[in-house]
Structure formats: structure tokens, C-alpha cells
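Student: For reference, the file coords11.cif (mmCIF, C-alpha atoms) is included below:
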data_upload
loop_
_atom_site.label_atom_id
_atom_site.label_comp_id
_atom_site.auth_asym_id
_atom_site.auth_seq_id
_atom_site.Cartn_x
_atom_site.Cartn_y
_atom_site.Cartn_z
CA MET A 547 25.14 12.42 -23.15
CA GLN A 548 22.31 9.94 -22.86
CA ILE A 549 19.23 11.97 -23.78
CA LEU A 550 15.59 10.96 -23.60
CA VAL A 551 13.31 12.76 -26.07
CA ILE A 552 9.55 12.53 -25.44
CA GLU A 553 7.84 14.00 -28.50
CA ASP A 554 4.70 12.77 -30.29
CA ASP A 555 5.24 14.68 -33.55
CA ALA A 556 7.18 12.16 -35.66
CA ARG A 557 8.82 14.79 -37.88
CA VAL A 558 9.94 16.93 -34.94
CA ALA A 559 11.22 13.86 -33.06
CA GLU A 560 13.18 12.72 -36.11
CA HIS A 561 14.65 16.22 -36.58
CA ILE A 562 15.71 16.41 -32.92
CA GLY A 563 17.10 12.88 -32.95
CA LYS A 564 19.25 13.52 -36.01
CA GLY A 565 20.56 16.80 -34.63
CA LEU A 566 21.45 15.34 -31.24
CA LYS A 567 23.12 12.27 -32.74
CA ALA A 568 25.13 14.48 -35.10
CA ALA A 569 26.34 16.38 -32.04
CA GLY A 570 27.56 13.11 -30.52
CA HIS A 571 24.73 12.34 -28.11
CA LEU A 572 22.97 9.02 -27.58
CA VAL A 573 19.23 9.44 -28.08
CA THR A 574 16.16 7.49 -26.95
CA VAL A 575 12.81 8.63 -28.37
CA GLU A 576 9.32 7.97 -27.02
CA ASP A 577 6.19 9.32 -28.72
CA ASP A 578 3.73 8.68 -25.89
CA GLY A 579 3.57 10.36 -22.49
CA ARG A 580 2.87 7.21 -20.52
CA ARG A 581 5.73 5.27 -22.10
CA GLY A 582 7.99 8.28 -21.75
CA LEU A 583 7.24 8.53 -18.04
CA LEU A 584 7.94 4.84 -17.49
CA ARG A 585 11.21 5.15 -19.39
CA ALA A 586 12.25 8.26 -17.43
CA ALA A 587 11.39 6.58 -14.13
CA SER A 588 13.11 3.27 -14.82
CA GLU A 589 16.28 4.31 -16.68
CA THR A 590 19.08 6.81 -16.12
CA PHE A 591 19.52 9.74 -18.52
CA ASP A 592 21.77 12.79 -18.50
CA LEU A 593 19.01 15.02 -19.85
CA ILE A 594 15.35 14.83 -20.85
CA VAL A 595 13.73 16.81 -23.66
CA VAL A 596 9.95 16.68 -23.30
CA ASP A 597 7.03 18.16 -25.22
CA ARG A 598 4.35 19.89 -23.17
CA MET A 599 1.38 18.34 -25.00
CA LEU A 600 1.55 14.53 -25.22
CA PRO A 601 -0.95 11.68 -25.52
CA HIS A 602 -2.04 9.95 -22.29
CA VAL A 603 0.29 11.85 -19.94
CA ASP A 604 1.25 15.49 -20.53
CA GLY A 605 4.75 16.85 -20.14
CA LEU A 606 4.02 18.74 -16.93
CA THR A 607 2.79 15.57 -15.23
CA ILE A 608 5.85 13.64 -16.39
CA VAL A 609 8.24 16.17 -14.88
CA GLN A 610 6.24 16.59 -11.67
CA THR A 611 6.20 12.81 -11.23
CA ILE A 612 9.93 12.26 -11.66
CA ARG A 613 10.73 15.26 -9.46
CA ALA A 614 8.56 13.74 -6.72
CA THR A 615 10.92 10.73 -6.71
CA GLY A 616 13.97 12.93 -6.11
CA ASP A 617 15.18 12.65 -9.71
CA ALA A 618 17.06 15.85 -10.58
CA THR A 619 17.85 15.01 -14.22
CA PRO A 620 17.89 18.30 -16.21
CA VAL A 621 14.68 18.80 -18.22
CA LEU A 622 14.18 20.97 -21.28
CA PHE A 623 10.55 21.62 -22.24
CA LEU A 624 9.54 22.01 -25.88
CA SER A 625 6.18 23.55 -26.66
CA ALA A 626 4.13 25.53 -29.13
CA LEU A 627 2.65 27.21 -26.05
CA GLY A 628 4.93 30.21 -25.76
CA GLU A 629 2.96 32.51 -23.48
CA VAL A 630 4.66 33.68 -20.29
CA ASP A 631 2.18 31.80 -18.08
CA GLU A 632 2.88 28.56 -19.95
CA ARG A 633 6.65 28.96 -19.59
CA VAL A 634 6.27 29.73 -15.90
CA ALA A 635 4.10 26.63 -15.45
CA GLY A 636 6.79 24.48 -17.05
CA LEU A 637 9.54 25.88 -14.84
CA ARG A 638 7.45 25.57 -11.70
CA ALA A 639 6.69 21.94 -12.57
CA GLY A 640 10.40 21.25 -12.33
CA GLY A 641 11.70 22.09 -15.80
CA ASP A 642 15.14 23.66 -16.13
CA ASP A 643 14.56 25.41 -19.46
CA TYR A 644 11.73 26.06 -21.90
CA LEU A 645 12.09 26.34 -25.69
CA THR A 646 9.19 27.46 -27.86
CA LYS A 647 8.41 25.78 -31.19
CA PRO A 648 9.43 26.34 -33.92
CA PHE A 649 13.08 26.44 -32.92
CA ALA A 650 16.48 26.30 -34.56
CA MET A 651 18.53 23.17 -33.92
CA SER A 652 21.51 25.36 -33.08
CA GLU A 653 19.56 26.97 -30.24
CA LEU A 654 18.38 23.59 -28.92
CA LEU A 655 21.97 22.31 -28.88
CA ALA A 656 23.19 25.49 -27.19
CA ARG A 657 20.58 25.19 -24.44
CA ILE A 658 21.49 21.54 -23.92
CA ASP A 659 25.15 22.51 -23.60
CA VAL A 660 24.24 25.10 -20.96
CA LEU A 661 22.27 22.53 -18.94
CA ALA A 662 25.17 20.06 -19.22
CA ARG A 663 27.64 22.65 -17.86
CA ARG A 664 25.57 23.06 -14.71
CA GLY A 665 27.10 19.79 -13.54
CA PRO A 666 25.86 16.25 -13.16
CA ALA A 667 22.38 15.65 -11.89
CA ILE A 668 21.92 14.58 -8.31
CA VAL A 669 21.77 10.81 -8.39
CA ALA A 670 18.33 9.66 -7.37
CA GLU A 671 17.88 6.82 -4.94
CA THR A 672 17.69 3.44 -6.62
CA LYS A 673 16.62 1.20 -3.74
CA LEU A 674 14.13 1.48 -0.90
CA GLY A 675 13.56 -0.76 2.08
CA VAL A 676 10.89 -1.05 4.77
CA GLY A 677 11.37 -3.85 7.25
CA ASP A 678 12.10 -7.00 5.28
CA LEU A 679 10.75 -5.49 2.04
CA GLU A 680 13.22 -4.49 -0.68
CA ILE A 681 12.29 -2.25 -3.63
CA ASP A 682 14.57 -1.90 -6.66
CA LEU A 683 13.47 1.35 -8.33
CA LEU A 684 15.57 0.92 -11.46
CA GLY A 685 14.67 -2.71 -12.08
CA GLN A 686 11.13 -2.18 -10.78
CA GLN A 687 11.42 -5.35 -8.72
CA VAL A 688 10.09 -6.03 -5.25
CA ARG A 689 11.17 -8.75 -2.83
CA ARG A 690 10.12 -9.64 0.67
CA ARG A 691 12.34 -12.01 2.59
CA GLY A 692 13.98 -12.80 -0.73
CA ARG A 693 10.73 -13.78 -2.44
CA ALA A 694 9.84 -11.85 -5.60
CA ILE A 695 6.48 -10.07 -5.62
CA ASP A 696 4.83 -9.50 -9.00
CA LEU A 697 3.22 -6.05 -9.17
CA THR A 698 1.53 -4.04 -11.89
CA ALA A 699 3.13 -0.72 -12.88
CA ARG A 700 0.49 1.16 -10.87
CA GLU A 701 0.94 -1.01 -7.81
CA PHE A 702 4.70 -0.52 -8.00
CA ARG A 703 4.33 3.26 -8.08
CA ILE A 704 1.94 3.20 -5.11
CA LEU A 705 4.30 0.99 -3.11
CA ALA A 706 7.34 3.14 -3.93
CA TYR A 707 5.49 6.31 -2.91
CA LEU A 708 4.35 4.77 0.38
CA ALA A 709 7.90 3.52 1.07
CA ARG A 710 9.43 6.94 0.42
CA ASN A 711 7.03 8.32 3.02
CA GLU A 712 7.65 5.54 5.56
CA GLY A 713 6.08 6.40 8.89
CA ARG A 714 4.09 9.31 7.46
CA VAL A 715 0.39 9.25 6.63
CA VAL A 716 -0.25 9.38 2.87
CA THR A 717 -3.70 10.68 2.02
CA ARG A 718 -5.78 9.54 -0.92
CA SER A 719 -5.37 13.00 -2.45
CA MET A 720 -1.58 12.65 -2.26
CA LEU A 721 -1.75 9.32 -4.06
CA LEU A 722 -3.99 10.83 -6.75
CA GLU A 723 -1.55 13.68 -7.26
CA HIS A 724 1.70 11.71 -7.26
CA VAL A 725 0.76 8.29 -8.63
CA TRP A 726 -2.21 8.69 -10.96
CA ASP A 727 -1.86 10.11 -14.46
CA TYR A 728 -5.38 11.50 -14.46
CA HIS A 729 -7.58 13.36 -12.02
CA PHE A 730 -10.21 11.34 -10.20
CA ASP A 731 -12.78 12.24 -7.58
CA PRO A 732 -10.92 11.85 -4.24
CA GLN A 733 -14.00 10.03 -2.94
CA THR A 734 -13.68 7.27 -5.53
CA ASN A 735 -12.79 3.82 -4.26
CA ILE A 736 -10.27 3.19 -7.06
CA ILE A 737 -7.42 3.96 -4.65
CA ASP A 738 -8.76 1.61 -2.00
CA GLN A 739 -9.11 -1.13 -4.60
CA HIS A 740 -5.50 -0.78 -5.76
CA VAL A 741 -4.11 -0.59 -2.23
CA SER A 742 -6.18 -3.61 -1.18
CA ARG A 743 -4.70 -5.69 -4.00
CA LEU A 744 -1.23 -4.35 -3.21
CA ARG A 745 -1.62 -5.25 0.46
CA GLN A 746 -2.65 -8.79 -0.44
CA LYS A 747 0.53 -9.21 -2.45
CA VAL A 748 2.89 -7.57 0.03
CA ASP A 749 1.51 -8.60 3.43
CA ARG A 750 -0.28 -11.90 2.84
CA GLY A 751 1.51 -14.80 4.52
CA HIS A 752 3.65 -12.57 6.75
CA ASP A 753 3.30 -12.06 10.49
CA MET A 754 4.10 -8.36 10.23
CA SER A 755 1.95 -6.05 8.10
CA LEU A 756 3.70 -3.16 6.36
CA ILE A 757 0.75 -1.28 4.81
CA HIS A 758 -1.72 0.12 7.33
CA THR A 759 -5.01 1.97 6.84
CA VAL A 760 -5.52 5.26 8.65
CA ARG A 761 -9.29 5.38 8.92
CA GLY A 762 -10.84 8.31 7.11
CA THR A 763 -7.48 9.65 5.94
CA GLY A 764 -5.35 7.28 3.89
CA TYR A 765 -2.48 4.91 4.50
CA VAL A 766 0.85 4.62 6.23
CA MET A 767 3.71 2.22 5.58
CA ARG A 768 5.80 1.10 8.52
CA ALA A 769 7.42 -1.99 9.93
CA GLY A 770 5.50 -3.06 13.02
CA ALA A 771 2.00 -2.56 14.34
#
Take the structure from the file and write it as C-alpha cells.
Tutor:
Amino acid sequence: MQILVIEDDARVAEHIGKGLKAAGHLVTVEDDGRRGLLRAASETFDLIVVDRMLPHVDGLTIVQTIRATGDATPVLFLSALGEVDERVAGLRAGGDDYLTKPFAMSELLARIDVLARRGPAIVAETKLGVGDLEIDLLGQQVRRRGRAIDLTAREFRILAYLARNEGRVVTRSMLLEHVWDYHFDPQTNIIDQHVSRLRQKVDRGHDMSLIHTVRGTGYVMRAGA
């Protein structure tokens, strides 16, 4: 299987990598939560092994974010936090299994085998479209009427979230929860700033606007007025 391991402890990551490779798996390792999330969102894996506590973006946020996109890739949490409440939090975030550190490699491999036998993950959508806008989720590319639009990683995530909710109002709180890695005051104008720049890139020069402001609430993406 193609397995993504997101673990910031170099010795643990090396140990896991060697064990998985010896068992015949192909392994990709990331030691940072933000990079791990980007990798998980932009590439296809058969299984993800993720540590709970990571720099920049924690494991719970990573799993919640990919689940919000419809990605059903099996996830195994690793953590030194072994209390019942912590395990429950991991499972409720979208994890399929939870293994407490320290662990035996034999048990890790056995749990991975169990997840693999549950069958292939539901294939997540790879393309979105609203009007004449095309979004390639895997390649993280956006085109409108065939013209490429250069977006930052944050702008791309905002656009993809708005497109998945085409025709529905997306509040600022929803964007904070599903797009941002950190918690901000919902009253901050950081969201408006990002959406304003995104709108300039997506709608400027076109007769039809796709991103609309819902005064006092948030935004909606739709083709037409």
C-alpha cells in the first residue's frame, strides 16, 4: 500500500518507515503538520498514519480537514495521549483506529492489515466546476474559460470549499473551521481580505461573478446573479 506517515519524532518516523517498508509498503514521511496536510490533500494514499501532536497543524485538524473534503482514506492515529477521552476525540475527528505510544511494530502492522481488509477507500472527488470555472483538486490548479488562475494554498482551499457548497451560504465561522489551521476571532477581517483577493483573481475581467457576498453572514458561490 501507499502509506503516508505524519510524525515529527525523527526516531519514531524512521522506525515506522523501516517496519512498513520491510512489510512491502511504499512509505512517504512528513514531519510537519502543515506539510502533511498539504500532502494528504493533494496526493492519493491507501492509508494515513498520523501523530496527534504535530508542529503547526495537529493531527485532529488534519483528519477533520481531509474528511471535510469527502476523503475516506483510512487513518490510524498514533499518540502518547492514551486516555479514553483522547482516543474518543481521535475517532470522532474521523480516525479509524488509535494506537498509543509506545507500541510494538507487530501491533502497528496488524492494525494496518485490519484497516486494509475493510476494503478500498471511497474515492474522493478530484475535480469541481462552477459555471465556466474548473478546479483540479489533485493538481491544485484552477482555470476559468481555459485560462489558468494562480492562487495561494489558502486561496485554493477557500475556493474549493466554496465550490463544494455551491449555492449554499458559507459563513465566516465555517471558513474558519474548515479552511484555517488556527482559531481566529470570527469578527476578524482576515477572511474578508482573503476572499477579496480571491474574488479579484477569479471574477475580474468576466461578465459573470461567481463569488457573492451575503451581507452580515458570509459568502455564496454560484453561477449567475
Student: Name the residues that the PyMOL selection byres ((chain A and resi 570-584) around 10) pulls out of this structure, and write them as a PyMOL selection string.
Tutor: chain A and resi 547-556+559-560+562-569+585-589+591-605+607-609+611-612+699+727
Student: Measuring atom to atom with all atoms listed in the file, identify which of A:Met651, A:Leu627, A:Ile757, A:Leu661 is nearest to Ser742 (chain A).
Tutor: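 Closest to Ser742 (chain A), using all atoms listed in the file: A:Ile757.
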Student: Kindly indicate which residue among A:Leu756, A:Val741, A:Gly640, A:Arg663 lies nearest to Thr698 (chain A), using only C-alpha atoms for the distances.
Tutor: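 Nearest candidate to Thr698 (chain A) out of A:Leu756, A:Val741, A:Gly640, A:Arg663: A:Val741.
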Student: So that I can check the surroundings of Leu708 (chain A), please list as a list in words every protein, DNA and RNA residue that reaches within 8 Å of it, counting only C-alpha atoms and ignoring chain neighbours fewer than 3 positions away.
Tutor: Ile704, Leu705, Asn711, Glu712, Val716, Tyr765, Val766 and Met767 of chain A
Student: Emit the selected residues as a compact mmCIF listing (two decimals), keeping the file's coordinate frame, including C-alpha atoms.
Tutor:
# COMPACT_ATOMS: atom_id res chain seq x y z
CA ILE A 704 1.94 3.20 -5.11
CA LEU A 705 4.30 0.99 -3.11
CA ASN A 711 7.03 8.32 3.02
CA GLU A 712 7.65 5.54 5.56
CA VAL A 716 -0.25 9.38 2.87
CA TYR A 765 -2.48 4.91 4.50
CA VAL A 766 0.85 4.62 6.23
CA MET A 767 3.71 2.22 5.58
Student: Would you mind listing what lies within 8 Å of Ala769 (chain A) as a ChimeraX atom specification, with only C-alpha atoms counted and same-chain residues fewer than 5 positions away left out?
Tutor: /A:676-677,754-756
Student: Given 6 Å on each side, where is the centre and what are the edge lengths in Å to one decimal of the axis-aligned box enclosing the listed atoms of region 580-583 of chain A, as lines of an AutoDock Vina configuration file?
Tutor:
center_x = 5.4
center_y = 6.9
center_z = -20.1
size_x = 17.1
size_y = 15.3
size_z = 16.1
Student: In Å, with one decimal, what is the gap from CA of Asp682 (chain A) to CA of Lys747 (chain A)?
Tutor: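 Interatomic distance here is 16.4 Å.
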Student: Using only C-alpha atoms, which residue out of A:Thr717, A:Thr590, A:Gln686, A:Thr619 lies closest to Thr763 (chain A)?
Tutor: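 That would be A:Thr717, the residue with the smallest distance to Thr763 (chain A).
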Student: Report, in Å with one decimal, the straight-line distance from CA of Ile736 (chain A) to CA of Arg700 (chain A).
Tutor: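 Separation of CA of Ile736 (chain A) and CA of Arg700 (chain A): 11.6 Å.
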Student: Exactly which residues make up the result of the PyMOL selection byres ((chain A and resi 692) around 9) on this file, given as a list in words?
Tutor: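 On the file shown, the PyMOL selection byres ((chain A and resi 692) around 9) covers Asp678, Leu679, Glu680, Arg689, Arg690, Arg691, Arg693 and Ala694 of chain A.
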Student: Figure out the distance between CA of Thr646 (chain A) and CA of Gly628 (chain A), please, to one decimal in Å.
Tutor: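 Computing the Euclidean distance for CA of Gly628 (chain A) and CA of Thr646 (chain A) yields 5.5 Å.
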Student: For Leu637 (chain A), work out the shell of residues within 12 Å, counting only C-alpha atoms and skipping chain neighbours fewer than 3 positions away, then give it as a ChimeraX atom specification.
Tutor: /A:598,605-606,609-610,613,620-624,630-634,640-645
Student: Rank nothing, just name the residue among A:Gln739, A:Ala650, A:Arg657, A:Gly764 nearest to Met720 (chain A), using all atoms listed in the file.
Tutor: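 The answer is A:Gly764, which sits nearest to Met720 (chain A).
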Student: Counting all atoms listed in the file, which of A:His752, A:Leu684, A:Leu697, A:Val760 gets nearest to Arg718 (chain A)?
Tutor: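 Nearest candidate to Arg718 (chain A) out of A:His752, A:Leu684, A:Leu697, A:Val760: A:Val760.
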Student: Let me make sure I understand: among A:Val688, A:Ala626, A:Ala618, A:Leu721, which one has the smallest atom-to-atom distance to Pro648 (chain A) if we use all atoms listed in the file?
Tutor: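 Ranking A:Val688, A:Ala626, A:Ala618, A:Leu721 by distance to Pro648 (chain A), first place goes to A:Ala626.
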